[in-house]
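A short write-up of the structure that comes next.
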Amino acid sequence: LAQAVRLSGTVFGSGSAKAMETKFTPVESGIGGALIGLSALVAYQADGKITGISGILGPFLKSVVKCEAGAQLWKLYFLLGLVLGGLINYGFNAPFAFPGPEPFTMARYVVAGFSLGLGTRFQRGCTSGHGICGLPRFSKRSWLAVPLFMLFAGLVVYLTRHVMQTGEPNKAGIAPLQWPPSWEFALCTVAASLLLAVLSFAPLPGSAHGVICPLAAGTIFGLGLGVAGMTSQAKVLNFLDVAGYWDPSLAFVMGCGILVSFPAFYLAEAEGAKPRCAESFEKPSKSGDYATLTLGAILFGIGWGLVGICPGPALAGTVPNLLTSTPAGYG
């Protein structure tokens with residue numbers, strides 16, 4: 001058993017001696033979460049679209065393979081906005097949003113990637129689809145999925161950091177508060193995001209709206225991820241490390257995100273309700289197929305706990321992480 005634990009530590013351990021310590025940022029993370037919720041509100045009330053990143057990326061990639069990308073332009077523009085939001089964070093907020101990818105072994109990244117991919121497929125959603133959109137819709141599936149994948153992500157972090165750990169552990173306790181908060185960039189993103197939101201509901205020609213609204217929603221989402229700290233693997237993993245060095249910041253991301261997105265989904269339940277610029281709202285099933293959902297949530301949680309990445313931050317951080325990574329950091 002001891003040999004198995006040592007082998008697992010070699011494969012799934014970190015290439016660094018000590019996990020990165022982060023600070024508790026309730027203000028910045030709360031603002032970032034509110035922006036993610038605003039993106040969900042804009043996309044749903046303007047175009048009736050759910051901003052579940054896996055639900056956007058998967059069908060778009062399938063359409064590309066089938067050479068039918070023209071039928072998925074809304075998803076393309078949203079994804080471009082998401083990447084743009086990540087690049088803006090890299091340009092003005094890099095030390096916080098992109099401190100650099102965690103130097104885990106390549107095997108760990110590969111296993112996490114497969115687990116996340118299968119998990120999103122089986123549970124039909126990710127942190128944004130089930131969390132920011134599913135919970136305020138009072139979806140039974142989401143209320144089962146979110147606690148499950150967070151529980152298993154936390155268990156994986158506990159195992160990898162405290163059972164199979166090979167380096168020096170961080171001190172236990174709650175991360176120190178970041179005070180005063182870093183206001184400047186966060187407030188600029190709020191102002192820019194509100195302008196983009198207003199523009200998304202403006203009376204524009206159909207062709208212009210079809211580009212501006214998804215591009216704006218994606219950009220707001222990407223900005224929110226960086227401001228919240230969701231693009232920092234260390235911050236995500238420290239949030240999941242309740243038994244060790246715990247950074248509770250990301251609780252404010254989910255809480256503030258749901259507070260802002262809730263009105264969009266509540267108003268959509270009214271009889272005869274329609275989006276501003278579409279015929280109907282997307283309304284994924286709120287119940288059923290719980291066995292597959294449970295398996296998917298467990299797999300998703302395992303992958304998330306291994307590397308601290310989920311689909312949205314992975315896309316927003318693709319270019320920044322490539323620019324900040326070093327080949328020597330991976331085993």
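The chains in the structure tokens are called A, B, ... from first to last as shown; in each chain the residues are counted from 1, and the ligands are counted from 1 in the order shown.
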Excluding stretch 140-143 of chain A and residues on its chain fewer than 4 positions from it, collect all residues at most 12 Å away from it, counting only C-alpha atoms, and give them as a count of residues only. 33
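By only C-alpha atoms, and with residues fewer than 2 positions from A:Lys23 along its chain excluded, the set lying at most 9 Å from it is Glu21, Thr25, Ile174, Ala175, Pro176, Leu177, Gln178, Lys235, Asp247 and Ser249 of chain A.
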Go ahead and write the residues just picked, N, CA, C and O atoms, as a PDB file, in the first residue's frame.
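This is the output file selection-v5.pdb:
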```pdb
ATOM      1  N   GLU A  21       0.860  30.042  -2.183  1.00  0.00           N
ATOM      2  CA  GLU A  21      -0.062  30.640  -1.239  1.00  0.00           C
ATOM      3  C   GLU A  21      -0.763  31.824  -1.898  1.00  0.00           C
ATOM      4  O   GLU A  21      -0.135  32.621  -2.584  1.00  0.00           O
ATOM      5  N   THR A  25      -9.538  37.186  -1.226  1.00  0.00           N
ATOM      6  CA  THR A  25      -9.928  38.400  -1.958  1.00  0.00           C
ATOM      7  C   THR A  25     -11.444  38.449  -2.146  1.00  0.00           C
ATOM      8  O   THR A  25     -11.940  38.300  -3.272  1.00  0.00           O
ATOM      9  N   ILE A 174      -6.739  29.714   7.324  1.00  0.00           N
ATOM     10  CA  ILE A 174      -7.405  30.520   6.299  1.00  0.00           C
ATOM     11  C   ILE A 174      -6.422  31.522   5.709  1.00  0.00           C
ATOM     12  O   ILE A 174      -5.612  32.117   6.434  1.00  0.00           O
ATOM     13  N   ALA A 175      -6.482  31.688   4.414  1.00  0.00           N
ATOM     14  CA  ALA A 175      -5.589  32.625   3.725  1.00  0.00           C
ATOM     15  C   ALA A 175      -5.776  34.034   4.288  1.00  0.00           C
ATOM     16  O   ALA A 175      -6.891  34.431   4.625  1.00  0.00           O
ATOM     17  N   PRO A 176      -4.691  34.798   4.372  1.00  0.00           N
ATOM     18  CA  PRO A 176      -4.814  36.169   4.896  1.00  0.00           C
ATOM     19  C   PRO A 176      -5.612  37.060   3.954  1.00  0.00           C
ATOM     20  O   PRO A 176      -5.567  36.904   2.733  1.00  0.00           O
ATOM     21  N   LEU A 177      -6.346  37.985   4.536  1.00  0.00           N
ATOM     22  CA  LEU A 177      -7.188  38.895   3.761  1.00  0.00           C
ATOM     23  C   LEU A 177      -6.343  39.882   2.958  1.00  0.00           C
ATOM     24  O   LEU A 177      -5.392  40.469   3.480  1.00  0.00           O
ATOM     25  N   GLN A 178      -6.694  40.064   1.699  1.00  0.00           N
ATOM     26  CA  GLN A 178      -6.064  41.083   0.868  1.00  0.00           C
ATOM     27  C   GLN A 178      -6.771  42.415   1.140  1.00  0.00           C
ATOM     28  O   GLN A 178      -7.918  42.617   0.747  1.00  0.00           O
ATOM     29  N   LYS A 235      -5.284  29.434  -6.835  1.00  0.00           N
ATOM     30  CA  LYS A 235      -6.413  29.984  -6.064  1.00  0.00           C
ATOM     31  C   LYS A 235      -7.567  28.993  -6.009  1.00  0.00           C
ATOM     32  O   LYS A 235      -8.209  28.827  -4.964  1.00  0.00           O
ATOM     33  N   ASP A 247      -8.393  29.111   0.952  1.00  0.00           N
ATOM     34  CA  ASP A 247      -8.705  30.446   0.437  1.00  0.00           C
ATOM     35  C   ASP A 247     -10.179  30.443   0.035  1.00  0.00           C
ATOM     36  O   ASP A 247     -10.546  29.897  -1.012  1.00  0.00           O
ATOM     37  N   SER A 249     -12.124  32.570  -1.219  1.00  0.00           N
ATOM     38  CA  SER A 249     -12.537  33.619  -2.162  1.00  0.00           C
ATOM     39  C   SER A 249     -13.585  33.153  -3.165  1.00  0.00           C
ATOM     40  O   SER A 249     -14.531  33.887  -3.490  1.00  0.00           O
TER      41      SER A 249
END
```
Please provide the set of residues having any atom within 12 Å of A:Gly85, restricted to only C-alpha atoms, with same-chain residues fewer than 2 positions apart removed, written as a ChimeraX atom specification. /A:32,35-36,39,78-83,87-93,97,189,192-193,215-227,231,312-313,315-320
Nearest residue to A:Phe300 out of A:Val65, A:Leu57, A:Ala153, A:Val27, using only C-alpha atoms?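 Ranked by minimum distance to A:Phe300, first place goes to A:Ala153.
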Give me, as a count of residues only, the residues of stretch 258-329 of chain A that a backbone DSSP run labels helix (DSSP H, G or I). 45
